[in-house]
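Below you'll find the structure, written out as structure tokens, and then a few comments.
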Amino acid sequence: MKNNCFKTLLQLVLFLVVSISWPQQNSASKSADQVSKYDYQAAFAPFFYTKDGTNTRSASGQPGFEYWQNRADYQLTAKLNEENNEISGTGIISYTNNSPDKMSFLWLNLEQNLFKSDSRGNAIIPLSGSRNGAQGQIFDGGYKIKSVKIVSGANGKSIEKELKYLISDTRMQVFLPQELKSKGGKVKMKIDYSFISPYEGSDRMGILGTTYGKIFSVAQWYPRMCVYDDIRGWNTIPYLGAAEFYLEYGDFDVSITAPSNHFVVCSGELVNPTEVYSQEQQKRWVQASQSDKTVIIRSADDVRATANATNKSFKTWHFKIQNSRDVAWASSPGFIMDAAKINLPSGKKSITISAYPIESDGNDAWSRSTEFTKTSIENYSKRWFEYPYPAAINVAGIVSGMEYPGIVFCGYKDKEGDLWGVTDHEFGHNWFPMIVGSNERLYGWMDEGFNTFINSLSSVDFNNGEYATKAADLHKEAEKYTNPKLETIISSPDNMKEVNIGTLCYSKPSAGLVILREQILGKELFDLAFHTYVERWAFKHPAPDDFFRTIENVAGEDLSWFWRGWFVNNWRLDQGITSVKYVGSTPRSGIYITIENFEKMAMPVTLDIKTKSGSVTRIKLPVEIWQKNVDWTFKHNSTEEIESIVIDPDHVLPDCNESNNTWKSAK
């Protein structure tokens with residue numbers, strides 16, 4: 001008994017002596033009031049997926065063996081009245097119901113109704129202003145629906161019959177005279193309508209006055225089918241301005257009649273060039289289609305000579321595009337136009353076209369637009385999926401940046417790096433969501449975030465990094481990305497403060513994918529998984545689980561902890577060094593290092609250990625150290641005295657508290 005007491009006392013004395021001889025912590029000390037919020041059972045909880053795979057959506061993240069989606073083909077005609085900014089048109093919609101359900105009614109989007117004075121979207125615009133309305137313009141906005149008819153008949157005879165319909169804000173419900181059959185039932189509708197274009201239409205369309213005439217950027221300009229899918233049935237969330245679109249795929253045949261001194265560009269391929277261009281302009285188009293350098297189609301001098309021609313005649317421009325979810329167009333007498341060919345990986349060619357006013361001309365501005373567009377399209381075609389459309393058109397106008405299949409609208413004042421950035425971003429949207437057709441109305445991050453991520457890679461590639469930006473310091477960005485006042489990434493844009501949309505739909509999901517690529521999976525494995533996601537869901541309708549499951553199955557990793565912390569919740573990260581002790585009180589025997597997770601998010605750990613002689617060893621610890629621990633102690637086999645230890649030395653993780661990231665030996 002006495003011997004045991006003596007041994008215990010001796011051990012205690014030795015412990016105190018050794019403790020005093022160990023190097024003391026300073027800047028990395030755990031503060032007395034710092035209590036960890038980390039719960040490893042919450043971070044690594046089971047049942048991340050709330051349902052098993054189905055016949056339509058596989059548990060592996062790919063479309064199921066019974067996947068279906070409906071189809072909408074459009075024959076559209078429109079006439080532009082330049083004097084009163086009115087667009088009148090007719091839309092013939094051929095709708096195919098591939099679902100297993102019969103339908104007694106159809107739903108269509110009427111997004112122009114956002115600009116009615118009594119719309120829901122107008123009602124929620126804050127007093128301080130917003131990009132999501134008509135910027136205070138008072139006018140007779142919204143659709144004037146003149147008729148809705150069902151079209152039937154055979155042997156070349158067409159029969160039209162009025163249909164009952166009900167308009168509810170930005171949606172229209174059309175009641176069918178008889179049920180539309182499942183698994184292939186077809187119906188054809190004809191809708192006559194008109195509307196007055198707003199000057200600033202929620203920063204998605206509008207009218208710009210220039211020296212040589214108005215530029216009309218025209219979008220959301222025809223009644224469009226709502227998506228009926230296997231997740232929600234009819235997707236009828238109203239258009240409030242912030243959240244974007246969710247549309248069916250189909251073929252489009254578009255005829256646009258504009259004043260004869262106007263030049264029109266539109267999604268798809270112009271099929272009647274001989275009717276709208278002079279012989280000289282047609283020769284220039286042929287030259288451009290074979291040239292890697294920009295070819296001027298209509299010069300500034302041409303604009304000055306012809307833009308102000310006075311006549312009341314009209315020309316009709318005819319375009320077609322296949323397997324698209326939308327079309328947009330622009331028209332102006334003041335367009336300078338230039339073009340060049342796009343080289344695609346398969347050997348196919350497309351063409352890039354820029355249309356801009358004299359105010360935007362210049363080698364530091366829109367004269368480089370075609371170069372930017374060509375490079376962007378070729379880059380994304382090589383990296384992810386081949387560009388599917390016959391043309392890629394960049395239009396300068398009132399809109400500061402908005403995307404549609406094969407055509408984008410960018411700000412006419414943009415120059416140099418700003419023009420490169422907006423051009424590359426808007427054309428990146430041809431992959432997300434034009435090719436990979438996610439539900440933007442609900443999940444803005446699945447197009448804006450993914451697109452912002454691929455932009456970060458293409459900017460490094462462009463012209464030896466001419467406009468590349470430095471990698472973000474995520475310690476500095478931590479407050480921006482994980483502020484407790486933020487909503488979650490997975491929230492709908494309509495459910496976010498407008499000031500937070502840029503962070504939550506764009507930069508934070510992009511930063512998350514960079515972390516996943518560079519810190520968790522590695523570039524090769526991530527790129528394979530991301531490429532697979534694009535291929536699987538090209539021209540289809542993926543949901544968040546389809547993305548999460550695809551990345552996990554291709555990469556072979558359970559990433560539920562990452563999705564849960566970064567996308568589903570707004571958790572913070574704080575990893576700190578809490579204890580450093582030499583083994584056996586001598587530097588030659590190695591060192592014990594204890595780290596702790598103080599916030600709710602889990603991440604892998606990288607540490608740089610620097611010795612007194614100046615050598616640095618990098619240690620990488622997997623995220624699994626946090627799977628059942630709040631703190632973790634490991635041994636580093638050093639043989640000399642340690643100068644310093646730093647967690648996340650490259651600032652590649654959003655650690656919100658740098659005060660505990662660095663340990664330095666006592667002087």
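Ligands are numbered from 1 in the order shown, residues from 1 within each chain, and chains are lettered A, B, ... in the order they appear in the structure tokens.
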Compile the contact shell of region 610-625 of chain A as a CSV table (one decimal) with N, CA, C and O atoms, in the first residue's frame: residues with an atom at most 9 Å away, counting only C-alpha atoms, same-chain residues fewer than 2 positions apart removed.
```
chain,number,residue,atom,x,y,z
A,520,ILE,N,-10.6,17.3,-51.1
A,520,ILE,CA,-11.2,16.1,-50.6
A,520,ILE,C,-11.1,14.9,-51.6
A,520,ILE,O,-10.5,13.8,-51.3
A,602,ALA,N,-17.3,19.5,-40.4
A,602,ALA,CA,-16.1,18.7,-40.5
A,602,ALA,C,-15.4,18.9,-41.8
A,602,ALA,O,-16.1,19.1,-42.8
A,603,MET,N,-14.1,18.8,-41.7
A,603,MET,CA,-13.3,18.9,-42.9
A,603,MET,C,-12.0,18.1,-42.7
A,603,MET,O,-11.6,18.0,-41.5
A,604,PRO,N,-11.3,17.7,-43.8
A,604,PRO,CA,-10.0,17.1,-43.6
A,604,PRO,C,-9.0,18.2,-43.0
A,604,PRO,O,-9.4,19.4,-43.0
A,605,VAL,N,-7.9,17.8,-42.5
A,605,VAL,CA,-7.0,18.7,-41.8
A,605,VAL,C,-5.6,18.6,-42.5
A,605,VAL,O,-5.1,17.6,-42.8
A,606,THR,N,-5.1,19.8,-42.8
A,606,THR,CA,-3.7,19.9,-43.3
A,606,THR,C,-2.9,20.8,-42.3
A,606,THR,O,-3.4,21.9,-41.9
A,607,LEU,N,-1.7,20.3,-41.9
A,607,LEU,CA,-0.8,21.1,-41.0
A,607,LEU,C,0.6,21.1,-41.6
A,607,LEU,O,1.1,20.2,-42.2
A,608,ASP,N,1.2,22.3,-41.5
A,608,ASP,CA,2.6,22.5,-41.7
A,608,ASP,C,3.4,22.5,-40.4
A,608,ASP,O,3.1,23.3,-39.6
A,627,GLN,N,-15.0,11.6,-37.3
A,627,GLN,CA,-16.2,10.7,-37.4
A,627,GLN,C,-16.7,10.3,-36.0
A,627,GLN,O,-17.9,10.0,-35.8
A,628,LYS,N,-15.8,10.2,-35.0
A,628,LYS,CA,-16.2,9.8,-33.7
A,628,LYS,C,-15.4,10.6,-32.6
A,628,LYS,O,-15.2,10.1,-31.5
A,629,ASN,N,-14.9,11.7,-33.0
A,629,ASN,CA,-14.1,12.5,-32.0
A,629,ASN,C,-14.3,14.0,-32.2
A,629,ASN,O,-14.5,14.5,-33.3
A,630,VAL,N,-14.3,14.7,-31.0
A,630,VAL,CA,-14.3,16.1,-31.0
A,630,VAL,C,-12.9,16.7,-31.1
A,630,VAL,O,-12.6,17.7,-31.7
A,631,ASP,N,-12.0,16.0,-30.5
A,631,ASP,CA,-10.6,16.3,-30.6
A,631,ASP,C,-9.7,15.1,-31.0
A,631,ASP,O,-10.2,14.0,-30.9
A,632,TRP,N,-8.5,15.3,-31.4
A,632,TRP,CA,-7.7,14.2,-32.0
A,632,TRP,C,-6.3,14.5,-31.7
A,632,TRP,O,-5.8,15.6,-31.9
A,636,HIS,N,3.7,13.0,-34.3
A,636,HIS,CA,4.6,13.4,-35.5
A,636,HIS,C,6.0,13.0,-35.1
A,636,HIS,O,6.6,13.4,-34.0
A,638,SER,N,9.1,13.8,-35.2
A,638,SER,CA,10.2,14.8,-35.4
A,638,SER,C,11.4,14.3,-34.7
A,638,SER,O,11.4,13.5,-33.7
A,640,GLU,N,13.9,16.9,-34.1
A,640,GLU,CA,14.5,18.2,-33.6
A,640,GLU,C,13.4,19.1,-33.0
A,640,GLU,O,12.2,18.8,-33.2
A,641,GLU,N,13.8,20.2,-32.4
A,641,GLU,CA,12.8,21.1,-31.8
A,641,GLU,C,11.9,21.7,-32.8
A,641,GLU,O,12.4,22.1,-33.9
A,642,ILE,N,10.7,21.8,-32.5
A,642,ILE,CA,9.7,22.4,-33.4
A,642,ILE,C,9.6,23.9,-33.2
A,642,ILE,O,9.5,24.4,-32.1
A,643,GLU,N,9.6,24.6,-34.3
A,643,GLU,CA,9.5,26.1,-34.3
A,643,GLU,C,8.0,26.5,-34.3
A,643,GLU,O,7.6,27.4,-33.6
A,644,SER,N,7.2,25.9,-35.2
A,644,SER,CA,5.8,26.3,-35.3
A,644,SER,C,5.0,25.2,-36.0
A,644,SER,O,5.5,24.3,-36.7
A,645,ILE,N,3.7,25.2,-35.8
A,645,ILE,CA,2.7,24.3,-36.4
A,645,ILE,C,1.5,25.2,-36.8
A,645,ILE,O,1.0,26.0,-36.1
A,646,VAL,N,1.1,25.0,-38.1
A,646,VAL,CA,0.0,25.8,-38.6
A,646,VAL,C,-1.1,24.9,-39.3
A,646,VAL,O,-0.7,24.0,-40.1
```
query = Would you give me, as a ChimeraX atom specification, the residues in region 465-605 of chain A that DSSP reads as helix (DSSP H, G or I)?
reply = /A:474-482,493-495,498-521,523-537,544-555,560-568,583-585,587-589
Go ahead and save the residues from that selection, with C-alpha atoms, as a compact mmCIF listing (two decimals), in the first residue's frame.
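Written out: selection-v3.txt:
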```
# COMPACT_ATOMS: atom_id res chain seq x y z
CA LEU A 474 -11.13 31.17 -47.61
CA HIS A 475 -10.15 32.36 -44.14
CA LYS A 476 -11.06 35.85 -45.30
CA GLU A 477 -14.19 34.52 -47.00
CA ALA A 478 -15.32 32.47 -43.99
CA GLU A 479 -17.57 35.16 -42.58
CA LYS A 480 -19.12 35.74 -46.00
CA TYR A 481 -19.83 32.04 -46.56
CA THR A 482 -20.79 30.88 -43.07
CA PRO A 493 -33.70 31.92 -54.39
CA ASP A 494 -37.19 33.18 -53.56
CA ASN A 495 -36.54 32.11 -49.97
CA GLU A 498 -31.81 39.24 -52.37
CA VAL A 499 -28.48 40.52 -51.04
CA ASN A 500 -27.52 36.90 -50.19
CA ILE A 501 -28.27 35.37 -53.60
CA GLY A 502 -24.83 36.20 -55.00
CA THR A 503 -23.19 34.30 -52.16
CA LEU A 504 -25.57 31.37 -51.80
CA CYS A 505 -26.33 30.64 -55.47
CA TYR A 506 -22.99 31.62 -57.01
CA SER A 507 -19.81 31.88 -54.97
CA LYS A 508 -20.42 29.60 -51.98
CA PRO A 509 -21.46 26.50 -54.00
CA SER A 510 -18.56 27.19 -56.37
CA ALA A 511 -16.14 27.40 -53.44
CA GLY A 512 -17.58 24.13 -52.14
CA LEU A 513 -16.87 22.39 -55.44
CA VAL A 514 -13.32 23.76 -55.42
CA ILE A 515 -12.85 22.32 -51.92
CA LEU A 516 -14.31 19.00 -53.04
CA ARG A 517 -12.06 18.91 -56.11
CA GLU A 518 -8.81 20.08 -54.57
CA GLN A 519 -8.97 19.10 -50.89
CA ILE A 520 -11.23 16.06 -50.64
CA LEU A 521 -11.42 13.98 -53.84
CA LYS A 523 -8.78 16.77 -59.38
CA GLU A 524 -8.76 13.58 -61.44
CA LEU A 525 -11.46 11.80 -59.47
CA PHE A 526 -13.63 14.90 -59.14
CA ASP A 527 -13.40 15.74 -62.85
CA LEU A 528 -14.44 12.21 -63.77
CA ALA A 529 -17.44 12.37 -61.44
CA PHE A 530 -18.49 15.86 -62.55
CA HIS A 531 -18.13 14.96 -66.22
CA THR A 532 -20.24 11.86 -65.61
CA TYR A 533 -22.95 13.97 -64.01
CA VAL A 534 -23.10 16.21 -67.09
CA GLU A 535 -23.25 13.24 -69.47
CA ARG A 536 -25.92 11.43 -67.46
CA TRP A 537 -28.22 14.41 -67.17
CA PRO A 544 -29.99 17.68 -55.94
CA ASP A 545 -29.95 14.02 -54.90
CA ASP A 546 -29.07 13.01 -58.46
CA PHE A 547 -25.98 15.21 -58.28
CA PHE A 548 -24.98 14.11 -54.78
CA ARG A 549 -25.45 10.41 -55.61
CA THR A 550 -23.57 10.64 -58.92
CA ILE A 551 -20.51 12.27 -57.35
CA GLU A 552 -20.49 9.72 -54.52
CA ASN A 553 -20.95 6.68 -56.74
CA VAL A 554 -18.37 7.68 -59.34
CA ALA A 555 -15.85 8.86 -56.75
CA SER A 560 -22.92 13.03 -46.82
CA TRP A 561 -20.93 14.92 -44.17
CA PHE A 562 -19.84 17.42 -46.83
CA TRP A 563 -23.25 17.89 -48.46
CA ARG A 564 -24.80 18.23 -45.01
CA GLY A 565 -22.37 20.86 -43.75
CA TRP A 566 -21.92 22.99 -46.87
CA PHE A 567 -25.14 22.71 -48.88
CA VAL A 568 -27.97 21.57 -46.61
CA VAL A 583 7.30 12.60 -26.34
CA GLY A 584 9.42 11.74 -23.32
CA SER A 585 10.23 15.46 -22.89
CA PRO A 587 12.46 16.65 -29.24
CA ARG A 588 14.33 13.61 -30.57
CA SER A 589 11.46 11.27 -29.68
```
Which neighbours of Gln178 (chain A) fall inside 10 Å, counting only C-alpha atoms, when residues of the same chain fewer than 6 positions from it are skipped, and could you give them as a PDB file with N, CA, C and O atoms, in the first residue's frame?
```
ATOM      1  N   MET A 103     -53.869  13.451 -68.117  1.00  0.00           N
ATOM      2  CA  MET A 103     -53.961  14.873 -67.796  1.00  0.00           C
ATOM      3  C   MET A 103     -55.280  15.446 -68.297  1.00  0.00           C
ATOM      4  O   MET A 103     -55.625  15.256 -69.465  1.00  0.00           O
ATOM      5  N   SER A 104     -55.966  16.171 -67.421  1.00  0.00           N
ATOM      6  CA  SER A 104     -57.192  16.853 -67.830  1.00  0.00           C
ATOM      7  C   SER A 104     -56.960  18.350 -68.005  1.00  0.00           C
ATOM      8  O   SER A 104     -57.839  19.063 -68.493  1.00  0.00           O
ATOM      9  N   PHE A 105     -55.791  18.829 -67.597  1.00  0.00           N
ATOM     10  CA  PHE A 105     -55.444  20.236 -67.773  1.00  0.00           C
ATOM     11  C   PHE A 105     -53.920  20.347 -67.919  1.00  0.00           C
ATOM     12  O   PHE A 105     -53.169  19.436 -67.561  1.00  0.00           O
TER      13      PHE A 105
END
```
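What separates CA of Ile591 (chain A) from CA of Cys656 (chain A) is a distance of 26.7 Å.
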request  = Work out how far apart CA of Leu442 (chain A) and CA of Glu487 (chain A) are and give it in Å to one decimal.
outcome  = 13.9 Å
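Nearest to Asn483 (chain A) of all the residues A:Ile296, A:Leu573, A:Leu653, A:Ala355 is A:Leu573, based on only C-alpha atoms.
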task = Identify which of the residues A:Tyr143, A:Ile124, A:Asn343, A:Ile231 lies closest to Lys51 (chain A), counting only C-alpha atoms when measuring atom-to-atom distances.
result = A:Ile231
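Our summary of the geometry notes that CA of Arg171 (chain A) is positioned 17.7 Å from CA of Arg325 (chain A).
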task = Please return as an MDAnalysis selection string: the residues of region 232-389 of chain A that backbone DSSP assigns to strand (DSSP E).
result = chainID A and resid 233:234 250:259 263:266 269:270 295:298 314:324 329:332 336:343 349:356
Dump as a tab-separated table the rows for residues of region 434-484 of chain A within 12 Å of region 235-240 of chain A: closest atom pair and distance in Å with one decimal, only C-alpha atoms counted, ordered by chain and rising residue number.
```
residue	atom	partner	partner_atom	distance
A:Asn439	CA	A:Asn235	CA	9.2
A:Glu440	CA	A:Ile237	CA	10.9
A:Arg441	CA	A:Ile237	CA	7.4
A:Leu442	CA	A:Ile237	CA	8.6
```
Expected file contents, prior selection, N, CA, C and O atoms, as a PDB file, in the first residue's frame:
```
ATOM      1  N   ASN A 439     -33.794  22.502 -62.103  1.00  0.00           N
ATOM      2  CA  ASN A 439     -34.914  23.362 -61.735  1.00  0.00           C
ATOM      3  C   ASN A 439     -34.370  24.628 -61.085  1.00  0.00           C
ATOM      4  O   ASN A 439     -34.137  24.692 -59.881  1.00  0.00           O
ATOM      5  N   GLU A 440     -34.172  25.669 -61.896  1.00  0.00           N
ATOM      6  CA  GLU A 440     -33.630  26.928 -61.374  1.00  0.00           C
ATOM      7  C   GLU A 440     -34.589  27.616 -60.414  1.00  0.00           C
ATOM      8  O   GLU A 440     -34.153  28.358 -59.532  1.00  0.00           O
ATOM      9  N   ARG A 441     -35.847  27.411 -60.603  1.00  0.00           N
ATOM     10  CA  ARG A 441     -36.834  28.079 -59.749  1.00  0.00           C
ATOM     11  C   ARG A 441     -36.652  27.632 -58.296  1.00  0.00           C
ATOM     12  O   ARG A 441     -36.887  28.402 -57.373  1.00  0.00           O
ATOM     13  N   LEU A 442     -36.232  26.395 -58.099  1.00  0.00           N
ATOM     14  CA  LEU A 442     -36.020  25.870 -56.746  1.00  0.00           C
ATOM     15  C   LEU A 442     -34.561  25.847 -56.323  1.00  0.00           C
ATOM     16  O   LEU A 442     -34.238  26.104 -55.164  1.00  0.00           O
TER      17      LEU A 442
END
```
key: Nearest candidate to Ile489 (chain A) (options A:Ala72, A:Ala328, A:Ile87, A:Met446; using only C-alpha atoms)   = A:Met446
remark   = From the list A:Ser128, A:Gln279, A:Asn70, A:Asn155, the nearest residue to Tyr249 (chain A) using only C-alpha atoms is A:Asn70
Spatial neighbours of region 367-369 of chain A, 10 Å, only C-alpha atoms, chain gap at least 4 places, as an MDAnalysis selection string = chainID A and resid 294 296 336:339 352:356 360:363 373:375 393:396 415:416 419:420 423:424
With only C-alpha atoms as the counted atoms, please give the residues lying no more than 12 Å from Pro273 (chain A), apart from itself and same-chain residues fewer than 3 positions off, as a PDB file with C-alpha atoms, in the first residue's frame.
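The resulting file, result.pdb, is shown below:
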```
ATOM      1  CA  PHE A 263     -30.927  43.170 -87.735  1.00  0.00           C
ATOM      2  CA  VAL A 264     -32.180  40.236 -85.678  1.00  0.00           C
ATOM      3  CA  VAL A 265     -30.223  37.543 -83.841  1.00  0.00           C
ATOM      4  CA  GLU A 269     -29.633  28.857 -86.936  1.00  0.00           C
ATOM      5  CA  LEU A 270     -30.840  31.499 -89.378  1.00  0.00           C
ATOM      6  CA  VAL A 276     -32.400  39.369 -94.874  1.00  0.00           C
ATOM      7  CA  TYR A 277     -28.710  39.994 -95.691  1.00  0.00           C
ATOM      8  CA  SER A 278     -27.124  41.707 -98.656  1.00  0.00           C
ATOM      9  CA  GLN A 279     -24.930  39.672-101.006  1.00  0.00           C
ATOM     10  CA  GLU A 280     -21.823  41.265 -99.530  1.00  0.00           C
ATOM     11  CA  GLN A 281     -22.932  40.404 -95.984  1.00  0.00           C
ATOM     12  CA  GLN A 282     -23.633  36.828 -97.048  1.00  0.00           C
ATOM     13  CA  LYS A 283     -20.072  36.552 -98.387  1.00  0.00           C
ATOM     14  CA  ARG A 284     -18.767  37.793 -95.050  1.00  0.00           C
ATOM     15  CA  TRP A 285     -20.847  35.173 -93.229  1.00  0.00           C
ATOM     16  CA  VAL A 286     -19.259  32.434 -95.340  1.00  0.00           C
ATOM     17  CA  LYS A 315     -38.477  41.800 -92.864  1.00  0.00           C
ATOM     18  CA  THR A 316     -39.068  38.365 -91.401  1.00  0.00           C
ATOM     19  CA  TRP A 317     -36.150  36.429 -89.912  1.00  0.00           C
ATOM     20  CA  HIS A 318     -36.530  32.648 -89.643  1.00  0.00           C
ATOM     21  CA  PHE A 319     -34.603  30.566 -87.084  1.00  0.00           C
TER      22      PHE A 319
END
```
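Among the candidate residues A:Gly213, A:Gly268, A:Pro126, A:Pro542, the one lying nearest to Ala309 (chain A) is A:Gly213, with distances computed using only C-alpha atoms.
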